[in-house]
Structures are given as C-alpha cells and as structure tokens.
>>> print(open('final.txt').read())   # compact mmCIF, C-alpha atoms
# COMPACT_ATOMS: atom_id res chain seq x y z
CA MET A 1 -65.74 -42.13 -37.31
CA ALA A 2 -62.36 -43.63 -37.90
CA ASP A 3 -59.53 -41.11 -38.21
CA THR A 4 -57.50 -42.98 -40.71
CA MET A 5 -57.91 -45.26 -43.66
CA GLN A 6 -55.67 -47.66 -45.49
CA PHE A 7 -53.94 -45.97 -48.40
CA ASP A 8 -51.96 -47.80 -51.09
CA LEU A 9 -50.06 -46.26 -53.93
CA VAL A 10 -48.86 -48.80 -56.47
CA SER A 11 -47.19 -48.47 -59.82
CA PRO A 12 -46.73 -51.42 -62.17
CA GLU A 13 -43.18 -51.87 -60.98
CA ARG A 14 -43.48 -51.48 -57.24
CA ARG A 15 -45.59 -50.52 -54.27
CA LEU A 16 -44.64 -46.99 -53.30
CA ALA A 17 -46.70 -46.46 -50.22
CA SER A 18 -48.97 -48.40 -47.94
CA VAL A 19 -49.89 -46.32 -44.90
CA GLN A 20 -52.74 -45.35 -42.63
CA ALA A 21 -53.67 -41.97 -44.04
CA ARG A 22 -55.83 -39.19 -42.64
CA GLU A 23 -56.43 -37.67 -46.02
CA VAL A 24 -55.29 -38.09 -49.58
CA ARG A 25 -55.42 -35.35 -52.17
CA ILE A 26 -55.82 -36.91 -55.59
CA PRO A 27 -55.49 -35.19 -58.97
CA GLY A 28 -58.61 -36.65 -60.61
CA ALA A 29 -59.28 -36.36 -64.32
CA ASP A 30 -62.31 -34.16 -63.67
CA GLY A 31 -60.64 -32.11 -60.96
CA ASP A 32 -58.76 -32.55 -57.72
CA LEU A 33 -60.43 -34.28 -54.84
CA THR A 34 -59.59 -35.09 -51.28
CA ALA A 35 -60.42 -38.51 -49.94
CA MET A 36 -60.91 -38.92 -46.22
CA PRO A 37 -62.20 -41.86 -44.21
CA ASP A 38 -65.84 -42.69 -44.97
CA HIS A 39 -65.67 -41.18 -48.41
CA ALA A 40 -68.33 -42.45 -50.81
CA ALA A 41 -67.13 -45.31 -53.00
CA LEU A 42 -65.67 -43.80 -56.14
CA ILE A 43 -63.49 -44.76 -59.02
CA THR A 44 -61.85 -41.97 -60.95
CA THR A 45 -59.11 -41.72 -63.51
CA LEU A 46 -56.09 -39.54 -62.83
CA ARG A 47 -54.44 -36.76 -64.70
CA PRO A 48 -50.73 -36.03 -64.26
CA GLY A 49 -50.32 -34.12 -61.04
CA ILE A 50 -49.19 -34.20 -57.46
CA LEU A 51 -50.74 -36.60 -55.02
CA THR A 52 -50.49 -35.67 -51.36
CA VAL A 53 -50.86 -38.10 -48.51
CA VAL A 54 -51.36 -36.88 -44.96
CA SER A 55 -50.68 -39.55 -42.37
CA ALA A 56 -49.57 -39.69 -38.76
CA GLU A 57 -45.94 -39.58 -39.90
CA GLY A 58 -46.46 -36.36 -41.81
CA THR A 59 -47.22 -35.31 -45.33
CA SER A 60 -45.67 -36.87 -48.39
CA ASP A 61 -46.01 -35.84 -52.00
CA TYR A 62 -45.81 -38.02 -55.07
CA ALA A 63 -45.74 -37.07 -58.70
CA VAL A 64 -48.11 -39.33 -60.64
CA THR A 65 -49.11 -39.60 -64.27
CA GLY A 66 -52.21 -41.39 -65.51
CA GLY A 67 -53.91 -44.34 -63.89
CA PHE A 68 -56.87 -44.48 -61.58
CA ALA A 69 -57.91 -44.24 -57.96
CA GLU A 70 -60.32 -46.49 -56.17
CA ILE A 71 -61.81 -44.94 -53.06
CA SER A 72 -64.04 -46.66 -50.56
CA ALA A 73 -65.15 -45.84 -47.03
CA THR A 74 -62.31 -47.80 -45.48
CA GLY A 75 -59.46 -47.11 -47.84
CA ALA A 76 -58.12 -45.64 -51.00
CA SER A 77 -55.80 -47.17 -53.52
CA VAL A 78 -54.17 -45.36 -56.35
CA LEU A 79 -52.88 -47.28 -59.32
CA ALA A 80 -50.63 -44.91 -61.16
CA GLU A 81 -48.96 -45.66 -64.44
CA ARG A 82 -45.88 -43.84 -63.24
CA ALA A 83 -45.39 -42.62 -59.71
CA MET A 84 -42.37 -41.25 -57.93
CA PRO A 85 -41.77 -39.52 -54.62
CA LYS A 86 -41.71 -35.81 -55.38
CA GLY A 87 -38.05 -35.44 -54.40
CA GLU A 88 -36.88 -38.11 -56.84
CA VAL A 89 -38.33 -36.61 -59.99
CA THR A 90 -35.83 -34.77 -62.16
CA ALA A 91 -36.39 -32.13 -64.78
CA ALA A 92 -35.02 -34.57 -67.37
CA ASP A 93 -37.74 -37.14 -66.49
CA MET A 94 -40.43 -34.55 -66.99
CA ASP A 95 -38.92 -33.29 -70.23
CA ALA A 96 -38.83 -36.84 -71.60
CA LEU A 97 -42.48 -37.36 -70.68
CA ILE A 98 -43.51 -34.06 -72.21
CA THR A 99 -41.59 -34.76 -75.41
CA ASP A 100 -43.33 -38.15 -75.69
CA ALA A 101 -46.72 -36.61 -75.03
CA ILE A 102 -46.17 -33.89 -77.65
CA ALA A 103 -45.10 -36.46 -80.21
CA GLU A 104 -48.19 -38.49 -79.43
CA ALA A 105 -50.46 -35.45 -79.63
CA GLY A 106 -49.06 -34.82 -83.10
CA GLU A 107 -50.03 -38.31 -84.24
CA ALA A 108 -53.35 -38.50 -82.44
CA PRO A 109 -56.47 -38.89 -84.59
CA ALA A 110 -58.87 -35.94 -84.68
CA GLU A 111 -61.20 -37.23 -81.96
CA GLY A 112 -58.28 -37.91 -79.61
CA LYS A 113 -56.58 -34.57 -80.25
CA ASP A 114 -58.14 -32.72 -77.33
CA ALA A 115 -57.30 -35.43 -74.85
CA ALA A 116 -53.72 -35.64 -76.11
CA ASN A 117 -53.28 -31.87 -75.92
CA LYS A 118 -54.75 -31.84 -72.44
CA LEU A 119 -52.21 -34.46 -71.41
CA VAL A 120 -49.39 -32.25 -72.65
CA ALA A 121 -50.80 -29.26 -70.76
CA ASP A 122 -51.23 -31.34 -67.60
CA LEU A 123 -47.68 -32.57 -67.81
CA GLN A 124 -46.39 -29.03 -68.27
CA ALA A 125 -48.44 -27.90 -65.31
CA LEU A 126 -47.00 -30.75 -63.27
CA LYS A 127 -43.51 -29.77 -64.29
CA SER A 128 -43.98 -26.19 -63.13
CA ALA A 129 -45.68 -27.39 -59.95
CA LEU A 130 -42.55 -29.39 -59.24
CA GLY A 131 -40.56 -26.20 -59.54
CA PHE A 132 -38.52 -26.89 -62.67
CA MET B 1 -8.64 -97.27 -76.69
CA PRO B 2 -7.73 -93.61 -76.18
CA SER B 3 -4.19 -92.88 -75.09
CA LEU B 4 -3.39 -91.55 -71.65
CA LYS B 5 -2.73 -88.12 -73.07
CA ASP B 6 -6.14 -88.03 -74.78
CA LEU B 7 -7.88 -89.02 -71.59
CA LYS B 8 -6.08 -86.36 -69.64
CA ASN B 9 -7.10 -83.71 -72.15
CA ARG B 10 -10.69 -84.84 -72.01
CA ILE B 11 -10.79 -84.73 -68.26
CA GLY B 12 -9.35 -81.22 -68.42
CA SER B 13 -11.96 -80.02 -70.88
CA VAL B 14 -14.88 -81.55 -69.00
CA LYS B 15 -13.59 -79.93 -65.82
CA SER B 16 -13.61 -76.50 -67.40
CA THR B 17 -17.08 -77.14 -68.80
CA ARG B 18 -18.22 -77.96 -65.31
CA LYS B 19 -16.75 -74.71 -64.03
CA ILE B 20 -18.68 -72.76 -66.66
CA THR B 21 -22.00 -74.48 -66.02
CA LYS B 22 -21.55 -74.07 -62.29
CA ALA B 23 -20.91 -70.36 -62.75
CA MET B 24 -23.94 -70.02 -65.02
CA GLN B 25 -26.09 -71.78 -62.47
CA MET B 26 -25.03 -69.37 -59.76
CA VAL B 27 -25.58 -66.34 -61.96
CA ALA B 28 -29.04 -67.66 -62.86
CA ALA B 29 -29.83 -68.18 -59.18
CA ALA B 30 -28.96 -64.58 -58.39
CA LYS B 31 -30.93 -63.29 -61.36
CA LEU B 32 -33.86 -65.52 -60.50
CA ARG B 33 -34.15 -63.94 -57.10
CA ARG B 34 -34.25 -60.50 -58.62
CA ALA B 35 -36.73 -61.55 -61.29
CA GLN B 36 -38.98 -63.10 -58.66
CA GLU B 37 -38.88 -59.93 -56.61
CA ALA B 38 -39.84 -57.89 -59.66
CA ALA B 39 -42.72 -60.24 -60.41
CA GLU B 40 -43.81 -60.06 -56.80
CA ALA B 41 -43.69 -56.25 -56.79
CA ALA B 42 -45.85 -56.05 -59.90
CA ARG B 43 -48.54 -58.31 -58.52
CA PRO B 44 -50.61 -55.84 -56.42
CA TYR B 45 -51.01 -53.49 -59.38
CA ALA B 46 -52.03 -56.24 -61.76
CA GLU B 47 -54.50 -57.74 -59.32
CA ARG B 48 -56.25 -54.46 -58.52
CA MET B 49 -56.32 -53.52 -62.15
CA ASN B 50 -57.89 -56.81 -63.04
CA ALA B 51 -60.48 -56.60 -60.29
CA VAL B 52 -61.57 -53.08 -61.21
CA MET B 53 -61.67 -53.81 -64.90
CA ALA B 54 -63.59 -57.02 -64.38
CA GLY B 55 -66.19 -55.05 -62.44
CA LEU B 56 -66.38 -52.37 -65.11
CA ALA B 57 -66.47 -54.85 -67.92
CA ALA B 58 -69.32 -56.69 -66.28
CA SER B 59 -71.43 -53.55 -66.02
CA VAL B 60 -70.56 -52.02 -69.39
CA GLY B 61 -69.83 -55.18 -71.36
CA GLY B 62 -73.31 -55.93 -72.58
CA SER B 63 -74.09 -52.50 -73.98
CA ASP B 64 -73.48 -51.39 -77.55
CA SER B 65 -71.17 -48.63 -76.47
CA ALA B 66 -68.59 -51.08 -75.09
CA PRO B 67 -65.12 -50.18 -76.36
CA ARG B 68 -63.73 -52.28 -79.16
CA LEU B 69 -60.84 -53.50 -77.04
CA LEU B 70 -63.42 -55.23 -74.85
CA ALA B 71 -66.11 -56.17 -77.32
CA GLY B 72 -63.78 -57.13 -80.16
CA THR B 73 -64.29 -56.43 -83.82
CA GLY B 74 -67.11 -58.91 -84.06
CA ALA B 75 -65.02 -61.06 -86.36
CA ASP B 76 -62.72 -63.94 -85.61
CA LYS B 77 -60.73 -64.03 -88.79
CA THR B 78 -57.21 -62.86 -88.12
CA HIS B 79 -55.29 -63.95 -85.08
CA MET B 80 -52.20 -62.26 -83.74
CA LEU B 81 -49.88 -64.49 -81.77
CA VAL B 82 -47.33 -62.73 -79.59
CA VAL B 83 -44.68 -65.29 -78.77
CA MET B 84 -42.47 -64.29 -75.89
CA THR B 85 -39.23 -66.19 -75.48
CA ALA B 86 -35.76 -65.56 -74.15
CA GLU B 87 -32.91 -63.80 -75.88
CA ARG B 88 -30.50 -66.54 -74.92
CA GLY B 89 -30.39 -70.29 -75.01
CA LEU B 90 -28.93 -72.79 -72.55
CA CYS B 91 -32.04 -72.79 -70.46
CA GLY B 92 -33.36 -76.28 -70.94
CA GLY B 93 -36.74 -76.63 -72.56
CA PHE B 94 -37.81 -73.08 -71.75
CA ASN B 95 -37.92 -71.68 -75.28
CA SER B 96 -39.00 -74.90 -76.95
CA SER B 97 -42.00 -75.34 -74.69
CA ILE B 98 -43.38 -71.91 -75.55
CA VAL B 99 -42.69 -72.39 -79.23
CA ARG B 100 -44.34 -75.81 -79.17
CA LEU B 101 -47.51 -74.32 -77.70
CA ALA B 102 -47.49 -71.42 -80.16
CA ARG B 103 -46.87 -73.76 -83.06
CA ALA B 104 -49.76 -76.01 -82.06
CA LYS B 105 -52.06 -73.01 -81.79
CA ALA B 106 -50.93 -71.62 -85.13
CA ALA B 107 -51.41 -74.96 -86.84
CA GLU B 108 -54.87 -75.29 -85.35
CA LEU B 109 -55.88 -71.80 -86.46
CA ILE B 110 -54.53 -72.27 -89.95
CA ALA B 111 -56.35 -75.58 -90.23
CA ALA B 112 -59.54 -73.77 -89.24
CA GLY B 113 -58.99 -71.38 -92.14
CA LYS B 114 -57.97 -68.33 -90.11
CA THR B 115 -55.19 -65.94 -90.89
CA VAL B 116 -52.30 -66.05 -88.45
CA LYS B 117 -49.85 -63.25 -87.79
CA ILE B 118 -46.94 -63.59 -85.43
CA ILE B 119 -45.01 -61.08 -83.39
CA THR B 120 -41.95 -62.49 -81.71
CA VAL B 121 -40.43 -61.10 -78.55
CA GLY B 122 -36.98 -62.51 -77.94
CA LYS B 123 -34.57 -63.94 -80.47
CA LYS B 124 -34.84 -67.62 -79.63
CA GLY B 125 -38.50 -67.98 -80.45
CA ARG B 126 -38.01 -66.25 -83.76
CA GLU B 127 -35.24 -68.63 -84.73
CA GLN B 128 -37.33 -71.66 -83.89
CA LEU B 129 -40.46 -70.45 -85.63
CA LYS B 130 -38.67 -69.19 -88.69
CA ARG B 131 -38.62 -72.53 -90.46
CA ASP B 132 -42.39 -73.08 -90.51
CA TYR B 133 -43.92 -69.67 -90.05
CA ALA B 134 -41.52 -67.11 -91.49
CA ASP B 135 -44.27 -65.79 -93.82
CA HIS B 136 -46.49 -65.02 -90.86
CA PHE B 137 -44.01 -62.77 -89.06
CA VAL B 138 -45.12 -59.16 -88.85
CA ALA B 139 -42.77 -57.76 -86.24
CA HIS B 140 -40.03 -58.59 -83.81
CA VAL B 141 -39.26 -57.00 -80.47
CA ASP B 142 -35.63 -57.15 -79.50
CA LEU B 143 -35.02 -57.08 -75.78
CA SER B 144 -31.40 -58.20 -75.89
CA GLU B 145 -30.17 -54.75 -74.92
CA VAL B 146 -32.59 -54.51 -72.02
CA LYS B 147 -30.97 -55.35 -68.70
CA LYS B 148 -34.00 -55.05 -66.50
CA ILE B 149 -37.45 -55.33 -67.96
CA GLY B 150 -39.44 -52.23 -67.15
CA TYR B 151 -43.02 -51.20 -67.63
CA ASP B 152 -41.90 -49.08 -70.57
CA ASN B 153 -40.95 -52.19 -72.54
CA ALA B 154 -44.36 -53.70 -71.94
CA GLN B 155 -46.03 -50.42 -72.78
CA SER B 156 -44.34 -50.11 -76.12
CA ILE B 157 -45.33 -53.67 -77.04
CA ALA B 158 -48.90 -53.00 -75.94
CA ARG B 159 -49.03 -49.70 -77.80
CA ASP B 160 -47.86 -51.38 -80.98
CA LEU B 161 -50.50 -54.09 -80.54
CA ILE B 162 -53.30 -51.58 -79.97
CA HIS B 163 -52.13 -49.51 -82.91
CA ARG B 164 -52.32 -52.56 -85.15
CA PHE B 165 -55.70 -53.48 -83.70
CA ASP B 166 -57.07 -50.00 -84.36
CA HIS B 167 -55.92 -50.28 -87.94
CA GLY B 168 -57.80 -53.53 -88.31
CA GLU B 169 -54.77 -55.74 -88.71
CA PHE B 170 -56.19 -58.48 -86.51
CA ASP B 171 -59.26 -59.50 -84.52
CA VAL B 172 -57.85 -61.52 -81.66
CA ALA B 173 -54.47 -61.27 -79.95
CA THR B 174 -52.99 -63.96 -77.76
CA ILE B 175 -49.74 -63.81 -75.83
CA PHE B 176 -47.59 -66.87 -75.22
CA PHE B 177 -45.26 -67.05 -72.26
CA ASN B 178 -44.11 -69.32 -69.48
CA ARG B 179 -45.83 -68.89 -66.15
CA PHE B 180 -43.39 -69.33 -63.31
CA GLN B 181 -44.38 -72.11 -60.99
CA SER B 182 -41.11 -73.13 -59.40
CA VAL B 183 -37.49 -73.60 -60.39
CA ILE B 184 -38.26 -76.98 -61.88
CA SER B 185 -41.65 -76.23 -63.35
CA GLN B 186 -42.72 -73.50 -65.73
CA ILE B 187 -46.06 -73.69 -67.42
CA PRO B 188 -46.35 -72.56 -71.04
CA THR B 189 -49.43 -70.36 -71.15
CA ALA B 190 -51.54 -68.79 -73.85
CA GLN B 191 -53.51 -65.76 -72.76
CA GLN B 192 -55.92 -63.76 -74.84
CA VAL B 193 -55.40 -60.02 -74.37
CA ILE B 194 -57.51 -58.49 -77.14
CA PRO B 195 -60.49 -58.50 -76.88
CA ALA B 196 -59.95 -58.34 -73.15
CA LYS B 197 -61.02 -61.28 -71.05
CA PHE B 198 -61.30 -61.24 -67.30
CA GLU B 199 -61.56 -63.83 -64.66
CA GLN B 200 -64.85 -63.00 -63.04
CA ALA B 201 -63.72 -64.17 -59.65
CA GLU B 202 -64.39 -61.02 -57.69
CA GLY B 203 -65.51 -57.44 -58.06
CA THR B 204 -68.62 -58.16 -60.07
CA GLY B 205 -70.98 -57.63 -57.15
CA SER B 206 -69.19 -54.94 -55.18
CA ALA B 207 -68.02 -52.81 -58.11
CA ALA B 208 -71.59 -51.92 -59.00
CA LEU B 209 -71.74 -49.76 -55.89
CA TYR B 210 -69.03 -47.37 -57.02
CA ASP B 211 -69.53 -43.90 -58.36
CA TYR B 212 -67.58 -43.28 -61.51
CA GLU B 213 -65.94 -40.07 -62.49
CA PRO B 214 -65.97 -39.54 -65.47
CA SER B 215 -68.46 -42.12 -66.74
CA GLU B 216 -67.95 -45.88 -66.63
CA GLU B 217 -67.42 -46.03 -70.37
CA GLU B 218 -64.77 -43.35 -70.33
CA ILE B 219 -62.89 -44.95 -67.48
CA LEU B 220 -63.04 -48.28 -69.19
CA ALA B 221 -61.78 -46.78 -72.44
CA ASP B 222 -58.90 -45.26 -70.51
CA LEU B 223 -58.12 -48.42 -68.58
CA LEU B 224 -58.30 -51.03 -71.33
CA PRO B 225 -55.05 -50.01 -73.05
CA ARG B 226 -53.40 -49.93 -69.64
CA GLY B 227 -54.84 -53.36 -68.97
CA VAL B 228 -53.20 -54.72 -72.11
CA ALA B 229 -49.89 -53.19 -71.07
CA THR B 230 -50.24 -54.64 -67.59
CA GLN B 231 -50.91 -58.11 -68.94
CA VAL B 232 -47.94 -57.88 -71.26
CA PHE B 233 -45.80 -56.63 -68.39
CA THR B 234 -46.87 -59.46 -66.09
CA ALA B 235 -46.16 -61.94 -68.86
CA LEU B 236 -42.70 -60.48 -69.45
CA LEU B 237 -41.86 -60.68 -65.77
CA GLU B 238 -43.18 -64.21 -65.40
CA ASN B 239 -41.18 -65.13 -68.45
CA GLY B 240 -38.05 -63.53 -67.01
CA ALA B 241 -38.36 -65.48 -63.78
CA SER B 242 -39.16 -68.68 -65.66
CA GLU B 243 -36.15 -68.25 -67.91
CA GLN B 244 -33.78 -67.93 -65.00
CA GLY B 245 -35.44 -70.81 -63.18
CA ALA B 246 -35.19 -73.04 -66.23
CA ARG B 247 -31.59 -72.04 -66.80
CA MET B 248 -30.75 -72.71 -63.19
CA SER B 249 -32.09 -76.24 -63.23
CA ALA B 250 -30.63 -76.96 -66.67
CA MET B 251 -27.20 -75.80 -65.52
CA ASP B 252 -27.53 -77.74 -62.29
CA ASN B 253 -28.12 -80.88 -64.33
CA ALA B 254 -25.23 -80.07 -66.62
CA THR B 255 -22.91 -79.56 -63.67
CA ARG B 256 -23.94 -82.88 -62.21
CA ASN B 257 -23.51 -84.67 -65.53
CA ALA B 258 -20.06 -83.16 -65.93
CA GLY B 259 -19.17 -84.43 -62.45
CA ASP B 260 -20.29 -87.96 -63.35
CA MET B 261 -18.35 -87.81 -66.57
CA ILE B 262 -15.21 -86.69 -64.81
CA ASP B 263 -15.51 -89.59 -62.37
CA LYS B 264 -15.95 -92.05 -65.21
CA LEU B 265 -13.05 -90.65 -67.19
CA THR B 266 -10.81 -90.59 -64.14
CA ILE B 267 -11.45 -94.28 -63.48
CA GLN B 268 -10.75 -95.05 -67.12
CA PHE B 269 -7.57 -92.99 -66.94
CA ASN B 270 -6.34 -94.76 -63.79
CA ARG B 271 -7.09 -98.16 -65.23
CA SER B 272 -5.21 -97.50 -68.43
CA ARG B 273 -2.31 -96.05 -66.47
CA GLN B 274 -2.13 -99.20 -64.36
CA ALA B 275 -2.44 -101.41 -67.41
CA ALA B 276 0.48 -99.60 -68.97
CA ILE B 277 2.61 -100.06 -65.84
CA THR B 278 1.71 -103.76 -65.60
CA ASN B 279 2.57 -104.19 -69.25
CA GLU B 280 5.96 -102.62 -68.76
CA LEU B 281 6.67 -104.81 -65.72
CA ILE B 282 5.75 -107.97 -67.61
CA GLU B 283 8.05 -106.96 -70.41
CA ILE B 284 10.96 -106.37 -68.02
CA ILE B 285 10.36 -109.59 -66.08
CA SER B 286 9.98 -111.78 -69.13
CA GLY B 287 13.11 -110.16 -70.57
CA ALA B 288 15.05 -111.00 -67.41
CA GLU B 289 13.74 -114.58 -67.39
CA ALA B 290 14.82 -115.17 -70.96
CA LEU B 291 18.44 -114.57 -70.05
>>> encode(input="final.txt", output="structure tokens")
Amino acid sequence: MADTMQFDLVSPERRLASVQAREVRIPGADGDLTAMPDHAALITTLRPGILTVVSAEGTSDYAVTGGFAEISATGASVLAERAMPKGEVTAADMDALITDAIAEAGEAPAEGKDAANKLVADLQALKSALGF
Amino acid sequence: MPSLKDLKNRIGSVKSTRKITKAMQMVAAAKLRRAQEAAEAARPYAERMNAVMAGLAASVGGSDSAPRLLAGTGADKTHMLVVMTAERGLCGGFNSSIVRLARAKAAELIAAGKTVKIITVGKKGREQLKRDYADHFVAHVDLSEVKKIGYDNAQSIARDLIHRFDHGEFDVATIFFNRFQSVISQIPTAQQVIPAKFEQAEGTGSAALYDYEPSEEEILADLLPRGVATQVFTALLENGASEQGARMSAMDNATRNAGDMIDKLTIQFNRSRQAAITNELIEIISGAEAL
C-alpha cells in the first residue's frame, strides 16, 4: 500500500497546497473524516472547519468554509470556497463571515432556515477552534 | 499652409500624446501579467468544479428531483443577459465587440418574441447599450472601485442572479464576456449559466463510481450556486485579462501612429523652414541686383 497520496487544496483564487500527504482530516458536512491512501472514492460537501494535512514535511492546518472534497484511492482534492492557512486568519475575518451568515440566516426562507442556522453555528465553532 | 509656429505646436502635442499612450501601454502590460496570473490561478478550481458537476449532473439530471438551477423552469420565455464590459475605454474594440454580440443576441430574442432583461457589469457596456435597450436594464454592477477582482465580486453577482431566478424573474441567463486568447485576439463569448450547462468531456463515466455524502441531489444543490459563481468569476478574470490585452495592443498602435505622425510633421516643418529661408535669400539677392 502506498504511504502517501496526492493532495490538492484549491480555492477559487489560488492553489493553496499541492503535496504528497499521508492523511488528510476533512470537516465533512455529515461529520469529520480522515482520508488516507486507498480510501474509497467519495465526494462530500464541507462545513466550515479546520482541515489538517499530514505530510512528510509535517502537519499543516487550514481554515476552510464551504465547498467540497473529492477523494479517490490515489488522491484527495478539496475545493474550498474560502481557504486560508490557519495562521493567516484573523478574528476580523471570522467576524465578517459570521455577520454575513447571520444576516443571511435572517433572510433565509423557512425550508433553508435550519441550514443557514447551522452555517452560523459552524462558523462560530470554527472561530472558537481558531482560538479567538 | 500652416505657419512654422503652428507646426511646431502640433509636433509638441503629438509628442506628448505619444508619451501618454506609451505609458498606458506599459501599465497595461504590467496589469496584463497580473490578470493572466489570476486567471491561471483560478483555472484548477474551475476545471475540477466543472468535472465533478458534469458527473453529478449526468447522473441526477434526468430525474424529476433535479434542482431547478440545472433543470430550468421548463419555460424559455424570459432571458437575462449579463453583459460584462470594462469600466474604462481606450482599449480598442474590446467593449464594442462584447456589446455587438449582446446586441445581436438581444435582437434575435426579441424578434423571437421573448422578453429580454439586461444586467450590465462595467460602465462602458451600459453606455453603449443605453441607446437601444435602456428599457431592458434591470441592474448594474459597478466595479470601478474594485482594484483586484476577487471571488467575492463574482459571488455577489451570482447571488443576485440566483435570487432573481428563484423569484421567477427569468428562465435563462447568459453571460457575455471576452475570452482571452492572446494580446491581439480576444473572443467575445456568450455562455449560458442558468440552467447550468456542462461540457460532457470527462467525468461522466468515472464519477458514477463515487460514494456521495450526503446524497447526490444534496451535493448538487449545494454545488450549483457555487458553479454559477465560479463561472461568473472565470468570466470576470478572462475579461480582465482581455481588457488589458486589448488596451495594450490598442496603445501600441497609437504609439506607433503618433511616431509616424511626428515624422511626417517634422519633414513638413523642415521643408517649410527651408522654403522660408530660400524665399528670404531670393528677396535679398533680387534686391541687390536691382541696384
């Protein structure tokens, strides 16, 4: 079994990471999951959270919001709507996101209310996980 | 025949024009490089997104539960045209070529008895379309304050579009922009974004093997709005690169024309100067001979 797999993290504006990873911990919409080489092919959406990549060079964390992950036996790629290395995120960024999400939750139609509220809660959880 | 003084002034003014166009060309070249890099950086995301969505759309598309953004409203009555142009002029045929395409499309749709609504992005397109289609305008997006186009700009345009779609304001949305080919060639393009259309080049076979979490429908419903935003974003970036490319070649031409003009004026200036000197000499000589 191969030890590593190709991992790509891309946001619409740039490619943040492209490394040989041993494992990737992904905040999936239905719960966190860890992808390792030879994982079953899976596509999942993301919730806001922290994505951890373990590679030969060490462990790196990224804060991601929304998007999806595509996992196959030989690689994983995460397409995040917004992604930043954990160290670069500021409290102000998070506050802006949360304010937007709250405003949107207020406007959301009845059937989308739960999802919108969940997004706010996820963002708040992410903010506290980042230590702000 | 202009006087020597006039000629001199003209040469001076053409020279300063040349300086300006030269400077604009160099600024455009620098901006073009940055715009191209941004377009390049956005490509992996857009390609993956497209591949995954094409796969999903192929497997979900046929069913009744397909989201409206994919399946459409079932009608083809009202068309929304999103015309993306630049905020500034002096870039050759860049704005006109997009507007020409949009205008042709609008005329065709109106002739077919459809309702046309127009959203303009960028001031120049709005100005050009105002004469014929001012009644069709529903919104305008001003990007003149935006230095560097970000995903947020695209997202807000996409969100507005989807909002209007959900409220039944239109059935089909098409975006108009210039696809960047090279500095001398930009291709005006019309691309339908709602209902979503995918190039079925790849992913149709392999995507069927994936597990989906949550269900395919839910993922698709989550991804489609993002897909619209991504398409708008790609279009904005392509447009940005095209604009700078078009401006660069337009200004290069202008600089060269100014150079030619200066040469011509300088020759004219020298000739008239010599003619004046010869004239004076003749007058002196014939005066001396008369004595």
>>> interface_residues(input="final.txt", of="chain A", to="chain B", cutoff="10 Å", atoms="only C-alpha atoms", output="ChimeraX atom specification")
/A:8-16,28-31,40-46,66-68,70-72,77-82
>>> residues_around(input="final.txt", residues="region 15-23 of chain B", least_positions_apart="4", cutoff="8 Å", atoms="all atoms listed in the file", output="tab-separated table (two decimals) with C-alpha atoms, in the frame of the given file")
chain	number	residue	atom	x	y	z
B	11	ILE	CA	-10.79	-84.73	-68.26
B	27	VAL	CA	-25.58	-66.34	-61.96
B	251	MET	CA	-27.20	-75.80	-65.52
B	252	ASP	CA	-27.53	-77.74	-62.29
B	254	ALA	CA	-25.23	-80.07	-66.62
B	255	THR	CA	-22.91	-79.56	-63.67
B	258	ALA	CA	-20.06	-83.16	-65.93
B	259	GLY	CA	-19.17	-84.43	-62.45
B	262	ILE	CA	-15.21	-86.69	-64.81
>>> residues_around(input="final.txt", residues="Ala76 (chain A)", least_positions_apart="6", cutoff="9 Å", atoms="all atoms listed in the file", output="list of chain:residue names")
A:Met5, A:Gln6, A:Phe7, A:Asp8, A:Leu9, A:Val24, A:Ala35, A:Met36, A:Pro37, A:Ala69, A:Glu70
>>> atom_distance(input="final.txt", atom1="CA of Arg88 (chain B)", atom2="CA of Lys123 (chain B)")
7.4 Å
>>> residues_near_point(input="final.txt", point="(-43.3, -33.6, -58.1)", cutoff="8 Å", atoms="all atoms listed in the file", output="VMD selection string")
chain A and resid 49 to 50 61 to 64 84 to 89 126 to 127 129 to 130
>>> atom_distance(input="final.txt", atom1="CA of Ser128 (chain A)", atom2="CA of Ala116 (chain A)")
18.8 Å
>>> atom_distance(input="final.txt", atom1="CA of Ala66 (chain B)", atom2="CA of Ile119 (chain B)")
26.9 Å
>>> residues_around(input="final.txt", residues="Cys91 (chain B)", least_positions_apart="5", cutoff="6 Å", atoms="all atoms listed in the file", output="PyMOL selection string")
chain B and resi 246-247+250
